[in-house]
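Source file: run00.txt; contents: compact mmCIF, C-alpha atoms.
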```txt
# COMPACT_ATOMS: atom_id res chain seq x y z
CA MET A 207 -18.10 -38.66 -25.34
CA LEU A 208 -16.65 -35.61 -23.61
CA LEU A 209 -17.21 -37.19 -20.19
CA ASN A 210 -15.48 -40.41 -21.26
CA THR A 211 -12.56 -38.41 -22.64
CA LEU A 212 -12.27 -36.49 -19.37
CA LEU A 213 -12.30 -39.75 -17.37
CA LEU A 214 -9.55 -41.15 -19.60
CA ALA A 215 -7.46 -38.03 -19.01
CA LEU A 216 -7.91 -38.24 -15.24
CA ARG A 217 -7.05 -41.96 -15.28
CA SER A 218 -3.84 -41.23 -17.17
CA ILE A 219 -2.90 -38.48 -14.72
CA ARG A 220 -3.60 -40.74 -11.74
CA ARG A 221 -1.49 -43.49 -13.24
CA ASN A 222 1.63 -41.24 -12.98
CA LEU A 223 0.92 -39.05 -9.96
CA LEU A 224 4.50 -38.01 -9.20
CA ARG A 225 5.25 -37.16 -12.82
CA SER A 226 1.98 -35.26 -13.11
CA PHE A 227 2.73 -33.28 -9.94
CA LEU A 228 6.21 -32.34 -11.14
CA THR A 229 4.72 -31.35 -14.49
CA ILE A 230 2.23 -28.91 -13.01
CA LEU A 231 4.71 -27.53 -10.45
CA GLY A 232 5.77 -24.83 -12.90
CA ILE A 233 2.14 -23.76 -13.33
CA VAL A 234 1.63 -23.77 -9.55
CA ILE A 235 4.70 -21.58 -9.00
CA GLY A 236 3.75 -19.22 -11.85
CA VAL A 237 0.13 -18.75 -10.77
CA SER A 238 0.99 -18.34 -7.09
CA ALA A 239 3.80 -15.86 -7.88
CA VAL A 240 1.56 -13.69 -10.07
CA ILE A 241 -1.33 -13.65 -7.60
CA THR A 242 0.94 -13.03 -4.60
CA MET A 243 2.76 -10.13 -6.26
CA VAL A 244 -0.46 -8.48 -7.40
CA THR A 245 -2.20 -9.01 -4.04
CA LEU A 246 0.71 -7.57 -2.07
CA GLY A 247 0.95 -4.70 -4.55
CA LYS A 248 -2.70 -3.84 -4.07
CA GLY A 249 -2.28 -4.04 -0.31
CA ALA A 250 0.74 -1.72 -0.46
CA THR A 251 -1.20 0.74 -2.63
CA GLN A 252 -4.10 0.82 -0.19
CA ALA A 253 -1.71 1.18 2.76
CA VAL A 254 -0.07 4.19 1.10
CA GLN A 255 -3.45 5.77 0.37
CA THR A 256 -4.62 5.16 3.94
CA GLN A 257 -1.44 6.59 5.43
CA ILE A 258 -1.59 9.68 3.21
CA ALA A 259 -5.26 10.13 4.13
CA SER A 260 -4.29 9.96 7.81
CA LEU A 261 -2.28 13.17 7.31
CA GLY A 262 -5.56 14.93 6.62
CA SER A 263 -8.26 14.86 3.98
CA ASN A 264 -7.99 17.56 1.28
CA LEU A 265 -4.90 18.89 3.02
CA LEU A 266 -2.37 21.41 1.69
CA MET A 267 0.96 21.68 3.51
CA VAL A 268 2.74 25.01 2.97
CA ARG A 269 6.41 25.28 3.94
CA PRO A 270 9.22 27.82 3.40
CA GLY A 271 11.68 27.04 0.60
CA GLN A 272 11.22 26.25 -3.07
CA ARG A 273 10.81 22.47 -2.89
CA GLN A 274 10.09 19.54 -0.61
CA GLY A 275 12.51 16.85 0.48
CA PRO A 276 16.27 16.87 1.21
CA GLY A 277 17.82 20.20 0.35
CA GLY A 278 14.38 21.75 0.02
CA GLY A 279 14.05 23.17 3.50
CA GLY A 280 13.56 26.78 4.36
CA GLY A 281 17.23 27.71 3.87
CA GLY A 282 17.25 31.49 3.57
CA ALA A 283 13.50 31.71 3.03
CA PRO A 284 11.61 33.49 5.83
CA SER A 285 9.30 31.40 7.99
CA PHE A 286 5.59 32.02 8.32
CA LYS A 287 3.77 33.76 11.14
CA ALA A 288 0.62 32.84 13.00
CA ALA A 289 -1.08 35.84 11.33
CA ASP A 290 -0.53 34.19 7.93
CA ALA A 291 -2.82 31.34 8.99
CA GLU A 292 -5.56 33.75 10.06
CA ALA A 293 -5.25 35.64 6.76
CA VAL A 294 -5.58 32.45 4.69
CA LEU A 295 -8.69 31.40 6.61
CA ALA A 296 -10.30 34.84 6.33
CA GLN A 297 -9.47 35.73 2.72
CA ILE A 298 -9.63 32.48 0.71
CA GLY A 299 -12.90 30.74 -0.04
CA GLY A 300 -13.18 26.97 0.16
CA VAL A 301 -10.87 26.69 3.17
CA ALA A 302 -12.26 24.64 6.06
CA ALA A 303 -9.47 25.22 8.58
CA VAL A 304 -5.91 26.53 8.80
CA ALA A 305 -3.45 25.55 11.52
CA PRO A 306 0.01 27.11 12.01
CA GLU A 307 2.51 24.48 13.09
CA GLY A 308 5.92 24.66 14.73
CA ARG A 309 8.09 21.68 15.63
CA ALA A 310 11.09 20.87 17.81
CA GLY A 311 12.86 17.73 18.88
CA VAL A 312 13.18 17.37 22.66
CA THR A 313 13.51 14.75 25.38
CA VAL A 314 10.47 14.57 27.64
CA VAL A 315 10.69 13.34 31.22
CA GLY A 316 7.91 11.97 33.39
CA ASN A 317 6.99 9.09 35.68
CA GLY A 318 10.71 8.42 36.20
CA ARG A 319 11.26 7.82 32.49
CA ASN A 320 12.52 9.86 29.54
CA TRP A 321 11.77 9.68 25.82
CA ALA A 322 13.13 11.58 22.80
CA THR A 323 10.21 12.80 20.72
CA ASN A 324 8.87 15.59 18.51
CA VAL A 325 7.02 18.48 20.10
CA THR A 326 4.42 20.21 17.93
CA GLY A 327 2.98 23.63 18.63
CA SER A 328 -0.34 24.57 17.06
CA SER A 329 -3.94 25.57 17.69
CA ASN A 330 -7.09 23.46 18.12
CA ARG A 331 -7.59 23.67 14.35
CA TRP A 332 -4.67 21.24 14.11
CA PHE A 333 -7.11 18.46 14.99
CA GLU A 334 -9.35 19.30 12.04
CA THR A 335 -6.58 19.70 9.47
CA GLY A 336 -4.89 16.43 10.41
CA ASN A 337 -7.98 14.31 11.15
CA TRP A 338 -6.84 13.86 14.74
CA LYS A 339 -9.18 12.61 17.46
CA LEU A 340 -8.83 12.44 21.22
CA ALA A 341 -8.88 9.03 22.88
CA SER A 342 -9.40 10.73 26.23
CA GLY A 343 -9.16 14.15 27.84
CA ARG A 344 -9.85 17.50 26.19
CA VAL A 345 -8.43 20.04 23.73
CA PHE A 346 -6.85 23.35 24.77
CA GLU A 347 -8.98 26.12 26.25
CA GLU A 348 -8.98 29.48 24.46
CA ASP A 349 -7.26 31.23 27.37
CA GLU A 350 -4.59 28.48 27.44
CA GLN A 351 -3.80 29.14 23.78
CA ARG A 352 -3.68 32.93 24.24
CA ALA A 353 -1.54 32.82 27.37
CA GLY A 354 0.76 29.98 26.26
CA ALA A 355 -0.24 27.84 29.23
CA ALA A 356 1.80 24.83 30.35
CA THR A 357 -0.65 22.20 29.10
CA CYS A 358 -0.01 19.43 26.59
CA ILE A 359 -1.65 16.58 24.69
CA VAL A 360 0.41 13.44 24.05
CA GLY A 361 0.37 10.77 21.35
CA GLU A 362 -0.11 7.10 22.10
CA THR A 363 3.59 6.23 21.71
CA VAL A 364 4.66 8.90 24.21
CA ARG A 365 1.88 7.86 26.60
CA ARG A 366 2.98 4.22 26.40
CA GLU A 367 6.68 4.96 26.86
CA ILE A 368 6.24 7.44 29.72
CA PHE A 369 3.10 6.37 31.56
CA GLY A 370 2.50 2.83 30.33
CA GLY A 371 4.22 1.30 33.34
CA LYS A 372 1.48 2.34 35.76
CA PRO A 373 -1.49 -0.08 35.84
CA GLY A 374 -4.70 1.74 35.02
CA GLN A 375 -2.84 5.01 34.44
CA ASP A 376 -3.39 6.79 31.10
CA GLY A 377 -1.32 9.84 31.99
CA LEU A 378 -4.15 12.39 32.21
CA GLY A 379 -3.39 15.02 34.84
CA GLU A 380 0.24 13.92 35.11
CA GLN A 381 3.21 16.27 34.75
CA LEU A 382 5.53 16.03 31.77
CA ARG A 383 8.80 17.97 31.75
CA LEU A 384 10.07 19.51 28.51
CA LYS A 385 13.39 21.31 28.75
CA GLN A 386 13.08 23.77 31.66
CA PHE A 387 9.33 23.64 32.31
CA SER A 388 6.65 21.11 33.15
CA CYS A 389 3.26 20.82 31.49
CA THR A 390 0.06 19.10 32.55
CA VAL A 391 -1.23 16.33 30.28
CA VAL A 392 -4.84 17.24 29.42
CA GLY A 393 -5.47 14.86 26.51
CA ILE A 394 -4.38 11.64 24.80
CA LEU A 395 -4.47 11.39 21.00
CA THR A 396 -6.07 8.45 19.23
CA SER A 397 -3.42 6.25 17.64
CA LYS A 398 -2.74 6.65 13.89
CA GLY A 399 0.31 4.41 13.41
CA GLN A 400 2.96 4.95 10.77
CA ALA A 401 2.81 7.66 8.12
CA ALA A 402 3.55 7.07 4.42
CA MET A 403 7.22 7.98 4.95
CA GLY A 404 7.61 5.45 7.77
CA ASN A 405 7.65 7.85 10.74
CA ASP A 406 5.53 7.18 13.81
CA GLN A 407 2.67 9.70 13.88
CA ASP A 408 1.88 8.81 17.51
CA ASP A 409 5.35 9.82 18.72
CA THR A 410 4.44 13.45 19.40
CA VAL A 411 3.53 15.95 22.09
CA LEU A 412 1.17 18.80 21.20
CA LEU A 413 1.50 22.20 22.88
CA PRO A 414 -0.31 25.49 22.29
CA LEU A 415 1.68 27.36 19.65
CA ARG A 416 2.60 30.23 22.00
CA THR A 417 3.81 27.74 24.61
CA LEU A 418 6.15 26.16 22.07
CA GLN A 419 7.41 29.56 20.89
CA ARG A 420 8.02 31.01 24.34
CA ARG A 421 9.26 28.00 26.30
CA VAL A 422 10.79 25.59 23.76
CA THR A 423 12.03 27.27 20.56
CA GLY A 424 12.40 30.85 21.84
CA HIS A 425 11.22 32.46 18.59
CA GLN A 426 7.96 33.29 16.79
CA ARG A 427 8.62 31.40 13.55
CA VAL A 428 6.04 28.99 12.12
CA ALA A 429 7.46 26.13 10.07
CA THR A 430 4.28 24.93 8.34
CA LEU A 431 0.78 26.08 7.47
CA LEU A 432 -1.74 23.22 7.35
CA VAL A 433 -4.66 24.19 5.10
CA ALA A 434 -7.70 21.89 5.03
CA MET A 435 -9.93 22.38 1.98
CA GLN A 436 -13.69 22.02 2.09
CA ASP A 437 -15.19 18.98 0.37
CA GLY A 438 -15.89 19.68 -3.29
CA SER A 439 -13.67 22.76 -3.47
CA ASP A 440 -11.55 23.37 -6.56
CA SER A 441 -8.03 22.52 -5.39
CA ALA A 442 -6.32 24.15 -8.39
CA ARG A 443 -8.17 27.45 -7.87
CA LEU A 444 -7.62 27.35 -4.12
CA LYS A 445 -3.88 26.67 -4.49
CA ASN A 446 -3.56 29.53 -6.95
CA SER A 447 -5.37 31.90 -4.56
CA LEU A 448 -3.21 30.69 -1.68
CA ARG A 449 -0.06 31.25 -3.71
CA GLN A 450 -1.09 34.80 -4.65
CA LEU A 451 -1.99 35.69 -1.06
CA LEU A 452 1.27 34.38 0.37
CA ARG A 453 3.29 36.19 -2.31
CA GLU A 454 1.58 39.44 -1.30
CA ARG A 455 2.13 38.86 2.42
CA ARG A 456 5.78 37.95 1.83
CA LYS A 457 6.22 41.03 -0.41
CA LEU A 458 7.51 39.18 -3.45
CA ALA A 459 7.91 41.12 -6.72
CA PRO A 460 6.34 39.70 -9.92
CA SER A 461 9.79 38.65 -11.11
CA ASP A 462 10.66 36.87 -7.84
CA ASP A 463 10.34 33.10 -7.47
CA ASP A 464 8.14 31.70 -4.73
CA ASN A 465 10.08 31.25 -1.49
CA PHE A 466 7.58 28.69 -0.26
CA ASN A 467 6.13 25.43 -1.58
CA ILE A 468 2.65 23.92 -1.47
CA LEU A 469 2.25 20.16 -1.12
CA ASP A 470 -1.13 18.65 -1.97
CA THR A 471 -1.50 15.37 -0.04
CA GLN A 472 -4.06 14.14 -2.59
CA GLN A 473 -1.52 14.53 -5.39
CA LEU A 474 1.10 12.86 -3.21
CA ALA A 475 -1.23 9.91 -2.66
CA GLU A 476 -1.90 9.59 -6.39
CA THR A 477 1.83 9.76 -7.19
CA LEU A 478 2.83 7.14 -4.62
CA SER A 479 -0.11 4.91 -5.58
CA GLY A 480 0.86 5.17 -9.24
CA THR A 481 4.43 4.17 -8.38
CA THR A 482 3.33 1.10 -6.42
CA GLN A 483 0.94 0.09 -9.20
CA VAL A 484 3.74 0.28 -11.78
CA MET A 485 5.97 -1.84 -9.57
CA THR A 486 3.13 -4.33 -9.05
CA THR A 487 2.59 -4.62 -12.80
CA LEU A 488 6.33 -5.10 -13.38
CA LEU A 489 6.65 -7.79 -10.71
CA GLY A 490 3.50 -9.52 -11.98
CA ALA A 491 4.89 -9.56 -15.52
CA VAL A 492 8.18 -11.05 -14.31
CA ALA A 493 6.32 -13.70 -12.31
CA ALA A 494 4.16 -14.53 -15.35
CA VAL A 495 7.28 -15.77 -17.18
CA SER A 496 7.24 -18.83 -14.91
CA LEU A 497 3.79 -19.66 -16.33
CA LEU A 498 5.37 -19.99 -19.76
CA VAL A 499 8.06 -22.19 -18.26
CA GLY A 500 5.31 -24.34 -16.76
CA GLY A 501 3.62 -24.54 -20.17
CA ILE A 502 6.84 -25.77 -21.76
CA GLY A 503 7.01 -28.45 -19.05
CA ILE A 504 3.49 -29.57 -19.92
CA MET A 505 4.35 -29.78 -23.62
CA ASN A 506 7.45 -31.82 -22.84
CA ILE A 507 5.64 -34.34 -20.65
CA MET A 508 2.76 -34.64 -23.12
CA LEU A 509 5.22 -35.47 -25.92
CA VAL A 510 6.72 -38.15 -23.67
CA SER A 511 3.22 -39.44 -22.91
CA VAL A 512 2.37 -39.65 -26.63
CA THR A 513 5.55 -41.62 -27.28
CA GLU A 514 4.86 -44.00 -24.37
CA ARG A 515 1.27 -44.62 -25.51
CA THR A 516 1.93 -45.00 -29.22
CA ARG A 517 0.53 -48.56 -29.35
CA GLU A 518 -2.57 -47.48 -27.40
CA ILE A 519 -3.14 -44.64 -29.87
CA GLY A 520 -2.65 -46.98 -32.83
CA LEU A 521 -5.12 -49.46 -31.34
CA ARG A 522 -7.77 -46.79 -30.83
CA LEU A 523 -7.34 -45.49 -34.37
CA ALA A 524 -7.41 -49.05 -35.78
CA ILE A 525 -10.75 -49.91 -34.14
CA GLY A 526 -12.43 -46.76 -35.46
CA ALA A 527 -11.57 -43.83 -33.21
CA LEU A 528 -11.61 -40.54 -35.08
CA GLU A 529 -8.58 -38.25 -35.21
CA ARG A 530 -10.50 -35.50 -33.44
CA GLU A 531 -11.33 -37.90 -30.58
CA VAL A 532 -7.66 -38.73 -30.06
CA LEU A 533 -6.79 -35.04 -30.38
CA LEU A 534 -9.43 -34.17 -27.80
CA GLN A 535 -8.23 -36.87 -25.39
CA PHE A 536 -4.67 -35.55 -25.19
CA LEU A 537 -5.74 -31.91 -25.32
CA ILE A 538 -8.10 -32.39 -22.39
CA GLU A 539 -5.34 -34.18 -20.48
CA ALA A 540 -3.05 -31.17 -20.96
CA VAL A 541 -5.80 -28.73 -19.97
CA VAL A 542 -6.68 -30.75 -16.87
CA LEU A 543 -3.03 -30.75 -15.80
CA ALA A 544 -2.77 -26.98 -16.28
CA ALA A 545 -6.11 -26.33 -14.55
CA LEU A 546 -5.09 -28.44 -11.55
CA GLY A 547 -1.89 -26.40 -11.40
CA GLY A 548 -3.99 -23.22 -11.49
CA VAL A 549 -6.22 -24.36 -8.62
CA MET A 550 -3.22 -25.39 -6.51
CA GLY A 551 -1.48 -22.12 -7.38
CA ILE A 552 -4.49 -20.09 -6.19
CA ALA A 553 -4.54 -22.00 -2.90
CA VAL A 554 -0.80 -21.50 -2.37
CA ALA A 555 -1.04 -17.81 -3.34
CA THR A 556 -3.90 -17.14 -0.92
CA ALA A 557 -1.97 -18.64 1.99
CA ALA A 558 1.30 -16.93 0.99
CA SER A 559 -0.37 -13.55 0.42
CA TRP A 560 -2.08 -13.65 3.80
CA ALA A 561 1.12 -14.66 5.60
CA LEU A 562 3.29 -12.06 3.84
CA ALA A 563 0.68 -9.29 4.23
CA THR A 564 0.51 -10.04 7.95
CA ALA A 565 4.31 -10.07 8.27
CA MET A 566 4.65 -6.82 6.28
CA LYS A 567 1.69 -5.21 8.11
CA LEU A 568 -0.21 -4.66 4.88
CA PRO A 569 -3.95 -5.13 4.34
CA PHE A 570 -4.82 -8.49 2.76
CA LEU A 571 -7.07 -7.83 -0.25
CA PHE A 572 -8.43 -10.93 -1.96
CA ASP A 573 -9.02 -10.03 -5.60
CA PRO A 574 -11.43 -12.43 -7.35
CA MET A 575 -10.57 -10.94 -10.75
CA ILE A 576 -6.81 -11.66 -10.65
CA ASN A 577 -7.49 -15.14 -9.23
CA GLY A 578 -10.01 -15.89 -11.98
CA LEU A 579 -7.76 -14.51 -14.71
CA SER A 580 -4.81 -16.54 -13.43
CA PHE A 581 -6.89 -19.73 -13.52
CA LEU A 582 -8.13 -19.02 -17.05
CA PHE A 583 -4.61 -18.17 -18.17
CA SER A 584 -3.27 -21.44 -16.75
CA ALA A 585 -5.99 -23.37 -18.62
CA ALA A 586 -5.12 -21.45 -21.80
CA ILE A 587 -1.47 -22.45 -21.28
CA GLY A 588 -2.67 -26.08 -21.29
CA VAL A 589 -4.51 -25.56 -24.59
CA LEU A 590 -1.59 -23.72 -26.17
CA PHE A 591 1.17 -26.12 -25.18
CA GLY A 592 -0.95 -29.27 -25.29
CA TYR A 593 -2.20 -28.81 -28.84
CA PHE A 594 1.02 -29.83 -30.64
CA PRO A 595 1.47 -33.15 -28.77
CA ALA A 596 -2.28 -33.89 -29.18
CA ARG A 597 -2.13 -33.18 -32.91
CA ARG A 598 0.92 -35.42 -33.23
CA ALA A 599 -0.98 -38.25 -31.53
CA ALA A 600 -4.07 -37.75 -33.74
CA ARG A 601 -2.06 -37.85 -36.96
CA MET A 602 -0.31 -41.13 -36.29
CA ASP A 603 -0.53 -43.91 -38.84
CA PRO A 604 -2.38 -46.77 -37.06
CA ILE A 605 -0.24 -49.46 -38.69
CA GLU A 606 3.05 -47.78 -37.79
CA ALA A 607 1.74 -47.09 -34.30
CA LEU A 608 0.85 -50.77 -33.74
CA ARG A 609 4.33 -51.83 -34.83
CA HIS A 610 5.91 -49.47 -32.29
CA GLU A 611 7.91 -51.21 -29.54
```

Taking this structure as input, can you express it in the form of structure tokens?
Amino acid sequence: MLLNTLLLALRSIRRNLLRSFLTILGIVIGVSAVITMVTLGKGATQAVQTQIASLGSNLLMVRPGQRQGPGGGGGGAPSFKAADAEAVLAQIGGVAAVAPEGRAGVTVVGNGRNWATNVTGSSNRWFETGNWKLASGRVFEEDEQRAGAATCIVGETVRREIFGGKPGQDGLGEQLRLKQFSCTVVGILTSKGQAAMGNDQDDTVLLPLRTLQRRVTGHQRVATLLVAMQDGSDSARLKNSLRQLLRERRKLAPSDDDNFNILDTQQLAETLSGTTQVMTTLLGAVAAVSLLVGGIGIMNIMLVSVTERTREIGLRLAIGALEREVLLQFLIEAVVLAALGGVMGIAVATAASWALATAMKLPFLFDPMINGLSFLFSAAIGVLFGYFPARRAARMDPIEALRHE
């Protein structure tokens, strides 16, 4: 009986293809909107987590000033010194590496081209704290770091903009001029792409810290301490120890506020991920409203169908069909319509999510759970909004139904 009822429902849908398509269009739009929003949200969350992780795993960034962001720079707070990095590494347990970092914006010239970029000064521990790898070349020699030698390592963006015009030339061994001196390119960094804040991580030139201080900035100040924690270390305890040590080295009284701030990239990743997840949930909830609109459309068309087929219903009831059989026929028809809309919505959402993720440079993450839930929800919409028209059909008086014109 169930198979016959299903065949009757499909026959009725096929009889009015255009009307059936327009009926399920609301379901298609609702399902595809929900799935697309959630899929893109998950892709954005993973992209944020990946970009934060590219800054360095278990990384603490210590900067002068009381807070991060606009207005939270060093201000009147004293900068760090290279000796602070050595003290942190020697006196705090659970620290894997510490790299002092100085930065300056300059225009580099080489190969007949020029490019405005950021110059970073640090030690070889910078590679460990920031998860940096070399695509080619070598790191700095110890004597180069001590003497402040004119050697440099360039990011992929700088390599492409300065040396990319030469076929087969990667820039190794070439001269790159920064301000009033030239340095020899001894290494090329592996590309990392954009960071979480949108800046290009590959647009950089790395110098030994003393080279930056003596030949670029002209002072000994260190803008940032990059502290990489060992796997499994207690971040709360380590941050507290780091705070106490830096307060001692900066000679702060117990009543003085910290004149530095510590940013935990893991906490930053969790905060940004939580924000994107909230936005994904909000957008998904807004998109789900169109599913209800689609359900109302199904109820409307089913009421029209019941009215059009009044004589057919009366005839079935007159020759012995049970009320539950008529109820089931129209209910299944509504569910089939909604389920077809769900299937089409999933197909549209998959294509749209892939296209948008590619355009937005986000990872495409197919989530079987949200696709399955959307399909089940669309079928439930069919049951919910198809029950009233089906019950109306089942409760018709056969005699009155047969008299209907």

Exercise. Tell me which of A:Leu562, A:Ile219, A:Leu458, A:Val392 sits closest to Met508 (chain A), counting all atoms listed in the file.
Key: A:Ile219

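The residue set within 10 Å of Ile552 (chain A), counting all atoms listed in the file and dropping same-chain residues fewer than 6 places from it, reads A:Val234, A:Ile235, A:Val237, A:Ser238, A:Ala239, A:Val240, A:Ile241, A:Thr242, A:Leu546, A:Ala558, A:Ile576, A:Asn577, A:Gly578, A:Ser580, A:Phe581.
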
Quiz item: Residues at most 9 Å from Ser496 (chain A), counting all atoms listed in the file, excluding those fewer than 3 positions away in the same chain, as JSON, numbers by chain?
Solution: {"A": [232, 233, 235, 236, 237, 239, 492, 493, 499, 500, 501]}

Quiz prompt | Nearest to Val549 (chain A), chosen from A:Val360, A:Arg455, A:Leu212, A:Ile230, with all atoms listed in the file counted in the distances | solution =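 Of all the options, A:Ile230 lies closest to Val549 (chain A).
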
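For the atom pair formed by CA of Leu265 (chain A) and CA of Ala296 (chain A), the distance is 17.2 Å, given to one decimal.
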
Exercise. May I have the residues within 6 Å of Leu382 (chain A) as a PyMOL selection string, using all atoms listed in the file and disregarding those fewer than 4 positions away in the same chain?
Key: chain A and resi 315-316+388-389

Quiz item: Ala600 (chain A): which residues within 7 Å, counting all atoms listed in the file, same-chain residues fewer than 4 positions away excluded, as an MDAnalysis selection string?
Solution: chainID A and resid 529:530 532:533 596

Quiz item: For Met435 (chain A), which residue out of A:Val422, A:Leu568, A:Leu543, A:Val304 is the nearest one, using all atoms listed in the file?
Solution: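 Smallest separation from Met435 (chain A) among the options: A:Val304.
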
Protein, DNA and RNA residues within 8 Å of (-4.7, -21.1, -15.6), only C-alpha atoms, as a PDB file with C-alpha atoms, in the frame of the given file:
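Result saved to selection-v5.pdb:
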```pdb
ATOM      1  CA  ILE A 233       2.140 -23.760 -13.330  1.00  0.00           C
ATOM      2  CA  VAL A 237       0.130 -18.750 -10.770  1.00  0.00           C
ATOM      3  CA  ALA A 544      -2.770 -26.980 -16.280  1.00  0.00           C
ATOM      4  CA  ALA A 545      -6.110 -26.330 -14.550  1.00  0.00           C
ATOM      5  CA  GLY A 547      -1.890 -26.400 -11.400  1.00  0.00           C
ATOM      6  CA  GLY A 548      -3.990 -23.220 -11.490  1.00  0.00           C
ATOM      7  CA  VAL A 549      -6.220 -24.360  -8.620  1.00  0.00           C
ATOM      8  CA  LEU A 579      -7.760 -14.510 -14.710  1.00  0.00           C
ATOM      9  CA  SER A 580      -4.810 -16.540 -13.430  1.00  0.00           C
ATOM     10  CA  PHE A 581      -6.890 -19.730 -13.520  1.00  0.00           C
ATOM     11  CA  LEU A 582      -8.130 -19.020 -17.050  1.00  0.00           C
ATOM     12  CA  PHE A 583      -4.610 -18.170 -18.170  1.00  0.00           C
ATOM     13  CA  SER A 584      -3.270 -21.440 -16.750  1.00  0.00           C
ATOM     14  CA  ALA A 585      -5.990 -23.370 -18.620  1.00  0.00           C
ATOM     15  CA  ALA A 586      -5.120 -21.450 -21.800  1.00  0.00           C
ATOM     16  CA  ILE A 587      -1.470 -22.450 -21.280  1.00  0.00           C
ATOM     17  CA  GLY A 588      -2.670 -26.080 -21.290  1.00  0.00           C
TER      18      GLY A 588
END
```

Quiz item: So what do you get for CA of Asp462 (chain A) versus CA of Arg443 (chain A), distance-wise?
Solution: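 Separation between CA of Asp462 (chain A) and CA of Arg443 (chain A): 21.1 Å.
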
Quiz item: For the point (2.5, 6.2, 26.3) in file coordinates, what residues are within 10 Å, counting all atoms listed in the file? Give the answer as a PyMOL selection string?
Solution: chain A and resi 321+360-371+375-377+394+408-409

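You will find CA of Asn264 (chain A) at 7.3 Å from CA of Gln436 (chain A).
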
Kindly compute an axis-aligned box around the listed atoms of region 460-464 of chain A, allowing 6 Å on each side, and express its centre and edge lengths in Å to one decimal as AutoDock Vina command-line options.
```
--center_x 8.5 --center_y 35.7 --center_z -7.9 --size_x 16.3 --size_y 20.0 --size_z 18.4
```

Practice problem: Give me the residues within 9 Å of Leu452 (chain A) as a list in words, counting only C-alpha atoms and dropping any in the same chain fewer than 4 places off. | Solution: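 Contacts, in chain order: Asp290, Val294, Ser447, Leu448, Arg456, Lys457, Leu458, Asp464 and Phe466 of chain A.
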
Quiz item: Between A:Thr323, A:Thr430, A:Gln535, A:Thr335, which one has atoms that come closest to Val589 (chain A), using all atoms listed in the file?
Solution: A:Gln535

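Considering the residues A:Gln252, A:Asn506, A:Asn222, A:Ser511 and counting only C-alpha atoms, Phe536 (chain A) has its shortest atom-to-atom contact with A:Ser511.
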
Practice problem: For each of A:Ile298, A:Ala288, A:Ile359, A:Leu216, take the minimum atom-to-atom distance to Lys339 (chain A), counting all atoms listed in the file, then give the residue where this is smallest. | Solution: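 Of the candidates, the smallest distance to Lys339 (chain A) is held by A:Ile359.
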